[in-house]
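What follows is the content of run26.cif, which has mmCIF, C-alpha atoms:
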```cif
data_query
#
loop_
_atom_site.label_atom_id
_atom_site.label_comp_id
_atom_site.auth_asym_id
_atom_site.auth_seq_id
_atom_site.Cartn_x
_atom_site.Cartn_y
_atom_site.Cartn_z
CA MET A 166 32.67 -28.69 -59.16
CA ASP A 167 35.10 -31.54 -59.54
CA LEU A 168 35.33 -33.47 -62.80
CA CYS A 169 37.24 -36.59 -63.70
CA HIS A 170 39.75 -35.48 -66.36
CA PRO A 171 40.46 -38.28 -68.86
CA ASP A 172 43.82 -38.57 -70.53
CA THR A 173 43.44 -36.55 -73.74
CA ALA A 174 46.04 -38.77 -75.42
CA GLU A 175 43.55 -41.62 -75.27
CA LEU A 176 40.73 -39.55 -76.88
CA ASN A 177 40.09 -39.34 -80.56
CA SER A 178 39.45 -35.98 -82.26
CA GLY A 179 35.66 -36.14 -81.87
CA GLU A 180 35.87 -36.93 -78.16
CA THR A 181 38.37 -34.12 -77.67
CA GLU A 182 36.02 -31.61 -79.31
CA GLU A 183 33.14 -32.85 -77.15
CA LEU A 184 35.24 -32.40 -74.02
CA GLN A 185 36.08 -28.82 -75.02
CA ARG A 186 32.41 -28.07 -75.57
CA ILE A 187 31.60 -29.45 -72.09
CA LYS A 188 34.29 -27.29 -70.50
CA TRP A 189 33.00 -24.23 -72.37
CA HIS A 190 29.41 -24.88 -71.21
CA ARG A 191 30.66 -25.41 -67.66
CA LYS A 192 32.40 -22.04 -67.73
CA GLN A 193 29.25 -20.35 -69.11
CA LEU A 194 27.13 -22.04 -66.48
CA LEU A 195 29.38 -20.86 -63.65
CA GLU A 196 29.31 -17.30 -65.07
CA ASP A 197 25.50 -17.41 -65.30
CA ILE A 198 25.27 -18.69 -61.72
CA GLN A 199 27.47 -15.82 -60.51
CA LYS A 200 25.38 -13.29 -62.45
CA LEU A 201 22.25 -14.75 -60.88
CA LYS A 202 23.80 -14.47 -57.41
CA ASP A 203 24.71 -10.83 -58.08
CA GLU A 204 21.20 -10.07 -59.34
CA ILE A 205 19.62 -11.74 -56.29
CA SER A 206 21.94 -9.74 -54.03
CA ASP A 207 20.89 -6.52 -55.82
CA VAL A 208 17.20 -7.41 -55.42
CA PHE A 209 17.63 -8.04 -51.68
CA ALA A 210 19.51 -4.75 -51.34
CA GLN A 211 16.70 -2.93 -53.15
CA ILE A 212 14.11 -4.64 -50.91
CA ASP A 213 16.04 -3.54 -47.82
CA CYS A 214 16.20 0.03 -49.12
CA PHE A 215 12.48 -0.03 -49.96
CA GLU A 216 11.58 -1.40 -46.52
CA MET A 217 13.69 1.25 -44.81
CA ALA A 218 12.12 3.98 -46.95
CA GLU A 219 8.63 2.58 -46.29
CA GLU A 220 9.28 2.41 -42.55
CA SER A 221 10.53 5.99 -42.63
CA ARG A 222 7.50 7.08 -44.66
CA MET A 223 5.11 5.28 -42.30
CA ALA A 224 6.85 6.78 -39.27
CA GLN A 225 6.54 10.25 -40.80
CA LYS A 226 2.88 9.58 -41.67
CA GLU A 227 2.16 8.40 -38.12
CA LYS A 228 3.91 11.48 -36.74
CA GLU A 229 1.84 13.80 -38.95
CA LEU A 230 -1.32 11.87 -38.05
CA CYS A 231 -0.53 12.30 -34.35
CA ILE A 232 -0.03 16.05 -34.89
CA GLY A 233 -3.33 16.18 -36.79
CA ARG A 234 -5.19 14.47 -33.93
CA LYS A 235 -3.74 16.90 -31.39
CA LYS A 236 -4.68 19.85 -33.59
CA PHE A 237 -8.21 18.42 -33.92
CA ASN A 238 -8.55 18.10 -30.13
CA MET A 239 -7.55 21.75 -29.74
CA ASP A 240 -9.43 23.11 -32.78
CA PRO A 241 -11.48 20.56 -34.81
CA MET A 242 -11.68 22.65 -37.99
CA LYS A 243 -7.92 23.33 -38.06
CA GLY A 244 -7.20 19.68 -37.31
CA ILE A 245 -9.28 18.47 -40.28
CA GLN A 246 -7.67 21.09 -42.51
CA TYR A 247 -4.16 19.96 -41.45
CA LEU A 248 -4.97 16.29 -42.18
CA ILE A 249 -6.37 17.14 -45.62
CA GLU A 250 -3.39 19.35 -46.52
CA HIS A 251 -0.97 16.54 -45.56
CA LYS A 252 -2.97 14.04 -47.64
CA LEU A 253 -3.84 11.99 -44.56
CA LEU A 254 -7.55 12.56 -45.11
CA ALA A 255 -9.65 13.11 -48.21
CA SER A 256 -11.87 16.16 -48.25
CA ASN A 257 -15.04 14.19 -48.94
CA ALA A 258 -17.70 13.70 -46.27
CA GLN A 259 -17.40 9.89 -46.25
CA ASP A 260 -13.68 9.91 -45.42
CA ILE A 261 -14.10 12.54 -42.69
CA ALA A 262 -17.05 10.62 -41.22
CA ARG A 263 -14.96 7.42 -41.17
CA PHE A 264 -12.13 9.27 -39.40
CA LEU A 265 -14.52 10.63 -36.75
CA TYR A 266 -16.28 7.30 -36.32
CA LYS A 267 -13.02 5.43 -35.61
CA GLY A 268 -12.13 8.21 -33.19
CA GLU A 269 -8.59 6.96 -32.48
CA GLY A 270 -6.89 9.51 -30.21
CA LEU A 271 -9.72 12.02 -30.64
CA ASN A 272 -11.38 13.95 -27.85
CA LYS A 273 -15.12 13.13 -27.80
CA THR A 274 -16.10 16.72 -26.99
CA ALA A 275 -14.07 17.92 -29.99
CA ILE A 276 -15.94 15.43 -32.22
CA GLY A 277 -19.25 16.70 -30.84
CA THR A 278 -18.20 20.30 -31.44
CA TYR A 279 -17.20 19.55 -35.05
CA LEU A 280 -20.45 17.74 -35.80
CA GLY A 281 -22.44 20.48 -34.10
CA GLU A 282 -20.92 22.99 -36.52
CA ARG A 283 -21.45 20.53 -39.36
CA GLN A 284 -23.29 6.72 -34.08
CA PHE A 285 -24.66 9.32 -31.82
CA LEU A 286 -24.45 9.61 -27.99
CA TRP A 287 -22.39 6.46 -27.60
CA SER A 288 -19.70 7.82 -29.91
CA PHE A 289 -19.21 11.41 -28.78
CA ARG A 290 -20.05 13.85 -26.01
CA LEU A 291 -22.69 16.50 -26.53
CA PRO A 292 -21.16 19.99 -26.59
CA GLY A 293 -22.34 22.47 -24.01
CA GLU A 294 -23.74 25.16 -26.30
CA ALA A 295 -27.48 24.99 -27.04
CA GLN A 296 -27.13 26.01 -30.70
CA LYS A 297 -24.64 23.23 -31.41
CA ILE A 298 -26.72 20.66 -29.55
CA ASP A 299 -29.82 21.68 -31.49
CA ARG A 300 -28.06 21.30 -34.87
CA MET A 301 -26.58 17.96 -33.88
CA MET A 302 -29.85 16.54 -32.56
CA GLU A 303 -31.68 17.81 -35.65
CA THR A 304 -29.15 16.08 -37.90
CA PHE A 305 -29.44 12.85 -35.93
CA ALA A 306 -33.25 12.89 -36.04
CA THR A 307 -33.25 13.54 -39.79
CA ARG A 308 -30.80 10.72 -40.46
CA TYR A 309 -32.62 8.28 -38.16
CA CYS A 310 -35.97 8.90 -39.84
CA LEU A 311 -34.37 8.53 -43.27
CA CYS A 312 -32.88 5.14 -42.31
CA ASN A 313 -35.98 4.01 -40.39
CA PRO A 314 -39.02 5.20 -42.35
CA GLY A 315 -42.41 4.85 -40.71
CA VAL A 316 -41.18 4.70 -37.10
CA PHE A 317 -42.16 8.32 -36.37
CA GLN A 318 -44.55 10.77 -37.96
CA SER A 319 -41.83 13.43 -38.24
CA THR A 320 -38.24 14.25 -37.35
CA ASP A 321 -39.57 16.47 -34.54
CA THR A 322 -40.91 13.35 -32.82
CA CYS A 323 -37.51 11.66 -32.98
CA TYR A 324 -35.83 14.88 -31.78
CA VAL A 325 -38.03 15.19 -28.65
CA LEU A 326 -37.92 11.47 -27.83
CA SER A 327 -34.12 11.42 -28.10
CA PHE A 328 -33.86 14.21 -25.54
CA SER A 329 -36.38 12.42 -23.32
CA ILE A 330 -34.22 9.29 -23.40
CA ILE A 331 -31.09 11.26 -22.45
CA MET A 332 -32.93 12.91 -19.55
CA LEU A 333 -34.43 9.58 -18.45
CA ASN A 334 -31.00 7.92 -18.43
CA THR A 335 -29.60 10.74 -16.30
CA SER A 336 -32.56 10.77 -13.90
CA LEU A 337 -32.56 7.00 -13.37
CA HIS A 338 -28.81 6.47 -12.94
CA ASN A 339 -27.31 9.71 -11.64
CA PRO A 340 -26.78 9.20 -7.86
CA ASN A 341 -27.38 12.93 -7.28
CA VAL A 342 -30.96 12.62 -8.55
CA ARG A 343 -33.08 11.35 -5.67
CA ASP A 344 -36.49 11.63 -7.33
CA LYS A 345 -36.40 8.70 -9.78
CA PRO A 346 -39.07 9.13 -12.46
CA PRO A 347 -41.67 6.33 -12.77
CA PHE A 348 -42.81 5.02 -16.14
CA GLU A 349 -45.99 7.13 -15.97
CA ARG A 350 -43.94 10.33 -15.85
CA PHE A 351 -41.92 9.22 -18.89
CA VAL A 352 -45.18 8.64 -20.77
CA SER A 353 -46.55 12.02 -19.65
CA MET A 354 -43.49 13.98 -20.82
CA ASN A 355 -43.82 12.41 -24.29
CA ARG A 356 -47.56 12.86 -24.66
CA GLY A 357 -48.67 14.27 -28.03
CA ILE A 358 -45.18 14.44 -29.54
CA ASN A 359 -46.01 12.24 -32.57
CA ASP A 360 -47.59 15.06 -34.60
CA GLY A 361 -50.23 15.49 -31.89
CA SER A 362 -50.70 11.78 -31.26
CA ASP A 363 -49.15 9.62 -28.56
CA LEU A 364 -46.44 7.08 -29.23
CA PRO A 365 -47.46 3.44 -28.60
CA GLU A 366 -47.22 2.71 -24.88
CA GLU A 367 -45.48 -0.60 -25.61
CA GLN A 368 -42.73 1.29 -27.45
CA LEU A 369 -42.24 3.67 -24.52
CA ARG A 370 -42.34 0.78 -22.04
CA ASN A 371 -39.59 -1.08 -23.93
CA LEU A 372 -37.43 2.06 -23.96
CA PHE A 373 -38.02 2.75 -20.27
CA ASP A 374 -37.30 -0.83 -19.15
CA SER A 375 -34.21 -1.06 -21.34
CA ILE A 376 -32.66 2.12 -19.94
CA LYS A 377 -33.66 1.28 -16.38
CA SER A 378 -32.01 -2.15 -16.55
CA GLU A 379 -28.88 -1.04 -18.40
CA PRO A 380 -27.84 2.63 -18.62
CA PHE A 381 -26.01 3.80 -21.68
CA SER A 382 -22.70 5.45 -20.97
CA ILE A 383 -20.43 7.75 -22.90
CA PRO A 384 -17.03 6.18 -23.65
CA GLU A 385 -13.84 7.47 -22.11
CA ASP A 386 -11.90 10.03 -24.09
CA ASP A 387 -8.95 8.82 -26.13
CA GLY A 388 -7.42 12.29 -25.90
CA ASN A 389 -4.98 11.07 -23.22
CA ASP A 390 -4.77 13.58 -20.38
CA LEU A 391 -6.43 16.95 -19.81
CA THR A 392 -3.49 18.85 -21.30
CA HIS A 393 -5.27 19.65 -24.59
CA THR A 394 -8.17 21.20 -22.68
CA PHE A 395 -5.95 24.00 -21.39
CA PHE A 396 -4.21 25.10 -24.60
CA ASN A 397 -6.52 27.99 -25.49
CA PRO A 398 -8.29 29.04 -22.27
CA ASP A 399 -10.86 31.82 -22.14
CA HIS A 400 -8.95 33.33 -19.22
CA GLU A 401 -6.13 32.33 -16.86
CA GLY A 402 -4.09 33.76 -13.99
CA TRP A 403 -3.16 33.65 -10.31
CA LEU A 404 -5.96 34.16 -7.79
CA LEU A 405 -6.49 33.56 -4.07
CA LYS A 406 -9.16 31.00 -3.16
CA LEU A 407 -10.82 30.68 0.23
CA GLY A 408 -11.11 27.03 1.27
CA GLY A 409 -10.03 24.15 3.48
CA ARG A 410 -11.37 22.82 6.78
CA VAL A 411 -9.93 25.86 8.49
CA LYS A 412 -10.87 28.60 6.07
CA THR A 413 -7.64 30.02 4.67
CA TRP A 414 -6.67 31.86 1.50
CA LYS A 415 -4.47 29.85 -0.87
CA ARG A 416 -2.80 31.02 -4.05
CA ARG A 417 -3.92 28.95 -7.04
CA TRP A 418 -3.44 29.11 -10.81
CA PHE A 419 -6.91 29.34 -12.40
CA ILE A 420 -7.86 28.39 -15.95
CA LEU A 421 -11.29 29.16 -17.42
CA THR A 422 -12.24 26.99 -20.39
CA ASP A 423 -15.15 24.95 -21.75
CA SER A 424 -17.61 26.34 -19.15
CA CYS A 425 -15.44 25.07 -16.29
CA LEU A 426 -13.08 26.74 -13.84
CA TYR A 427 -9.96 24.67 -13.10
CA TYR A 428 -7.43 25.51 -10.40
CA PHE A 429 -3.87 24.22 -9.96
CA GLU A 430 -1.23 24.48 -7.30
CA PHE A 431 1.47 25.26 -9.88
CA THR A 432 1.36 26.37 -13.52
CA THR A 433 3.39 23.27 -14.49
CA ASP A 434 0.83 20.80 -13.05
CA LYS A 435 -0.89 18.60 -15.63
CA GLU A 436 -3.81 17.66 -13.37
CA PRO A 437 -5.95 20.30 -11.62
CA ARG A 438 -6.43 20.37 -7.85
CA GLY A 439 -10.11 21.13 -8.42
CA ILE A 440 -12.78 21.60 -11.07
CA ILE A 441 -15.82 23.87 -10.79
CA PRO A 442 -18.43 23.32 -13.57
CA LEU A 443 -20.15 26.67 -14.20
CA GLU A 444 -23.51 25.32 -15.38
CA ASN A 445 -26.38 27.14 -13.65
CA LEU A 446 -24.00 29.20 -11.48
CA SER A 447 -23.75 32.98 -11.19
CA VAL A 448 -20.85 35.26 -10.33
CA GLN A 449 -20.90 38.56 -8.49
CA GLN A 450 -18.58 41.10 -6.89
CA VAL A 451 -18.48 40.84 -3.07
CA ASP A 452 -16.79 42.62 -0.18
CA ASP A 453 -14.66 40.58 2.20
CA PRO A 454 -13.28 41.87 5.53
CA LYS A 455 -9.91 40.18 4.98
CA LYS A 456 -9.25 40.37 1.24
CA PRO A 457 -9.88 43.07 -1.38
CA PHE A 458 -11.11 42.67 -4.95
CA CYS A 459 -13.25 39.58 -4.31
CA LEU A 460 -15.74 37.74 -6.50
CA GLU A 461 -18.12 34.93 -5.57
CA LEU A 462 -19.51 31.93 -7.45
CA TYR A 463 -22.92 30.73 -6.25
CA ASN A 464 -26.09 28.95 -7.34
CA PRO A 465 -28.84 31.60 -7.50
CA SER A 466 -31.70 29.08 -7.52
CA CYS A 467 -30.40 26.89 -4.66
CA ARG A 468 -28.84 29.11 -2.02
CA GLY A 469 -27.38 27.03 0.81
CA GLN A 470 -26.98 23.93 -1.38
CA LYS A 471 -23.55 22.51 -2.22
CA ILE A 472 -22.19 23.41 -5.62
CA LYS A 473 -21.44 20.35 -7.76
CA ALA A 474 -17.65 20.39 -8.01
CA CYS A 475 -14.69 18.13 -7.24
CA LYS A 476 -11.16 18.39 -5.87
CA THR A 477 -8.27 16.19 -4.76
CA ASP A 478 -7.78 15.66 -1.04
CA GLY A 479 -4.51 15.27 0.88
CA ASP A 480 -4.20 11.63 -0.19
CA GLY A 481 -4.65 12.47 -3.86
CA LYS A 482 -8.17 11.05 -4.03
CA VAL A 483 -10.85 12.86 -6.04
CA VAL A 484 -13.66 13.90 -3.70
CA GLU A 485 -16.83 15.95 -4.00
CA GLY A 486 -16.50 19.63 -3.15
CA LYS A 487 -18.27 20.95 -0.05
CA HIS A 488 -18.67 24.60 -1.00
CA GLU A 489 -22.02 26.36 -1.00
CA SER A 490 -20.20 29.22 -2.72
CA TYR A 491 -16.66 29.96 -3.88
CA ARG A 492 -14.97 33.17 -2.78
CA ILE A 493 -11.96 34.28 -4.82
CA SER A 494 -9.68 37.32 -4.53
CA ALA A 495 -7.91 39.03 -7.45
CA SER A 496 -4.84 41.26 -7.40
CA SER A 497 -6.72 44.38 -8.49
CA ALA A 498 -10.20 45.68 -9.20
CA GLU A 499 -9.45 45.57 -12.93
CA GLU A 500 -8.36 41.93 -12.76
CA ARG A 501 -11.45 41.03 -10.71
CA ASP A 502 -13.73 42.68 -13.25
CA ARG A 503 -12.00 40.86 -16.13
CA TRP A 504 -12.57 37.52 -14.39
CA ILE A 505 -16.22 38.33 -13.69
CA GLN A 506 -16.76 39.28 -17.33
CA ALA A 507 -15.03 36.14 -18.61
CA ILE A 508 -16.92 33.84 -16.24
CA ARG A 509 -20.27 35.38 -17.13
CA ALA A 510 -19.52 34.84 -20.81
CA SER A 511 -18.68 31.19 -20.11
CA ILE A 512 -21.59 30.32 -17.79
CA THR A 513 -24.36 28.30 -19.46
CA ARG A 514 -27.70 26.94 -18.39
CA VAL A 515 -28.58 23.32 -19.08
CA PRO A 516 -30.19 23.79 -22.53
CA PHE A 517 -32.06 20.49 -22.85
CA TYR A 518 -35.35 21.63 -21.38
CA ASP A 519 -35.50 24.84 -23.41
CA LEU A 520 -34.76 22.95 -26.63
CA VAL A 521 -37.39 20.28 -25.95
CA SER A 522 -39.97 22.90 -24.95
CA ALA A 523 -39.38 24.82 -28.18
CA ARG A 524 -39.70 21.66 -30.26
CA LYS A 525 -42.94 20.63 -28.53
CA LYS A 526 -44.39 24.07 -29.29
CA LYS A 527 -43.43 23.53 -32.93
CA ILE A 528 -45.28 20.20 -32.99
CA ALA A 529 -48.35 21.76 -31.31
CA ASN A 530 -48.41 24.61 -33.84
CA LYS A 531 -48.71 22.10 -36.68
CA GLN A 532 -52.15 21.05 -35.44
#
```
Transcribe the structure of this file into structure tokens.
Amino acid sequence: MDLCHPDTAELNSGETEELQRIKWHRKQLLEDIQKLKDEISDVFAQIDCFEMAEESRMAQKEKELCIGRKKFNMDPMKGIQYLIEHKLLASNAQDIARFLYKGEGLNKTAIGTYLGERQFLWSFRLPGEAQKIDRMMETFATRYCLCNPGVFQSTDTCYVLSFSIIMLNTSLHNPNVRDKPPFERFVSMNRGINDGSDLPEEQLRNLFDSIKSEPFSIPEDDGNDLTHTFFNPDHEGWLLKLGGRVKTWKRRWFILTDSCLYYFEFTTDKEPRGIIPLENLSVQQVDDPKKPFCLELYNPSCRGQKIKACKTDGDGKVVEGKHESYRISASSAEERDRWIQAIRASITRVPFYDLVSARKKKIANKQ
């Protein structure tokens, strides 16, 4: 700051004092400006430190959240417990429901399993076990009737109709189902479910036409790859599988989990070479002229019909399996028996029809 300095010899005493006061104020002002600069610099430094600490905290939180999601996909109860313990999730039902509803990075089957032990079909996959499905469908029906009073006579009506809709969607849009049900069959299967009365035909017609014109689909899993599926298998080990165009025995790494039998070429593979769903199948010990200690997977109600399974071909494409039965050889009689026992424990029947039948009997008994 440049100032014009007058000749002090030309100033009287009053002007000289005034000049001194101006110089003193100038000095104070410059000191205040420097202090302000220092304070601003300190504030910016503190902001930088805070931002770095916040970024570090957020990175740590995201890391813990990622761990929690992975734990949930492997074991839903342990995953929720981990998230609560790390203060990433409150222990109240509303916060947990919000976490499941958003579903970011969560396996849909794991969500279904958790709800079965505690947005419906479009938000998660139904678990395979009948008891869990029954609890989940019961909870849905109760909640729907609470939010939509007067639509149905009872929760049992909503329960049965919900299953009918799931079955109708599958029958109309699954390419493996050749006998497509007409509207009359849909009406017949829901006759008398409204506490002994029939649902309005217009209501059933609207449901039927809606599903026929646009199927509902279950969203893709956000659980990334299949890796989480294989963390805690029911059984695993090397076996020989008979297959190929020219029937040969090939060594494969088998994993039994979630009512499915997966087989890999190597234990380090992330994607299986084939998947055999065990629904409605049976397993038995068999004798083979070329290999000892054999077991066989087959469909007891449809002998001679292809088992619904898939595999990857030589070009890496996923294709439908062509086996009417699967023959597998173990390394010993003990190992074969362990596999048979584990597979039998894992095999399930499609539970929908049994559950609906039981609920219809309950409605009929009310009359």
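Distance-wise, atom CA of Arg503 of chain A and atom CA of Pro457 of chain A end up 15.1 Å apart.
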I need the residue nearest Leu405 of chain A from this list: A:Lys192, A:Arg501, A:Lys471, A:His488. Use only C-alpha atoms for the distance.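 Distance minimum relative to Leu405 of chain A lands on A:Arg501.
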Enumerate, in order of chain and increasing residue number, the residues of segment 361-384 of chain A with an atom no farther than 10 Å from segment 323-339 of chain A, each with its shortest atom pair and distance in Å to one decimal, counting all atoms listed in the file, as CSV.
```
residue,atom,partner,partner_atom,distance
A:Leu364,CA,A:Leu326,CA,9.7
A:Leu369,CA,A:Leu326,CA,9.5
A:Leu372,CA,A:Ile330,CA,7.9
A:Phe373,CA,A:Leu333,CA,7.9
A:Ser375,CA,A:Asn334,CA,10.0
A:Ile376,CA,A:Asn334,CA,6.2
A:Lys377,CA,A:Leu337,CA,6.6
A:Ser378,CA,A:Leu337,CA,9.7
A:Glu379,CA,A:Asn334,CA,9.2
A:Pro380,CA,A:Asn334,CA,6.2
A:Phe381,CA,A:Asn334,CA,7.2
A:Ser382,CA,A:Asn334,CA,9.0
```
Target residues per the PyMOL selection byres ((chain A and resi 421) around 12), formatted as a PyMOL selection string: chain A and resi 394-403+418-420+422-429+437+440-443+503-512
If I take atom CA of Pro241 of chain A and atom CA of Ala275 of chain A, how far is one from the other in Å, to one decimal? 6.1 Å
What separation in Å, quoted to one decimal, exists between atom CA of Lys476 of chain A and atom CA of Leu460 of chain A? 19.9 Å
For the provided coordinates, the residues matched by the PyMOL selection byres ((chain A and resi 410) around 12) should be stated as a list of chain:residue names.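 Residues picked by the PyMOL selection byres ((chain A and resi 410) around 12): A:Leu407, A:Gly408, A:Gly409, A:Val411, A:Lys412, A:Thr413, A:Trp414, A:Asp478, A:Gly479, A:Gly486, A:Lys487, A:His488.
Nearest to Gln450 of chain A of all the residues A:His190, A:Arg492, A:Lys473, A:Lys228 is A:Arg492, counting all atoms listed in the file.
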Taking (-17.2, 33.2, -1.7) as a centre in this file's frame and 9 Å as the limit, can you find every polymer residue with an atom that close, using only C-alpha atoms, and give them as a PyMOL selection string? chain A and resi 406-407+451+453+459-463+488-493
Counting all atoms listed in the file, write as a ChimeraX atom specification all protein and nucleic acid residues lying at most 9 Å from (-5.7, 17.7, -30.9) in the file's frame. /A:231-241,244,270-272,275,388,393
Set the distance at 10 Å and use all atoms listed in the file: which residues neighbour Pro365 of chain A once local chain neighbours fewer than 5 positions away are removed? I'd like the list as number ranges by chain. A: 352, 359, 370
Could you list, as a count of residues only, every residue matched by the PyMOL selection byres ((chain A and resi 303) around 10) in this structure? 18
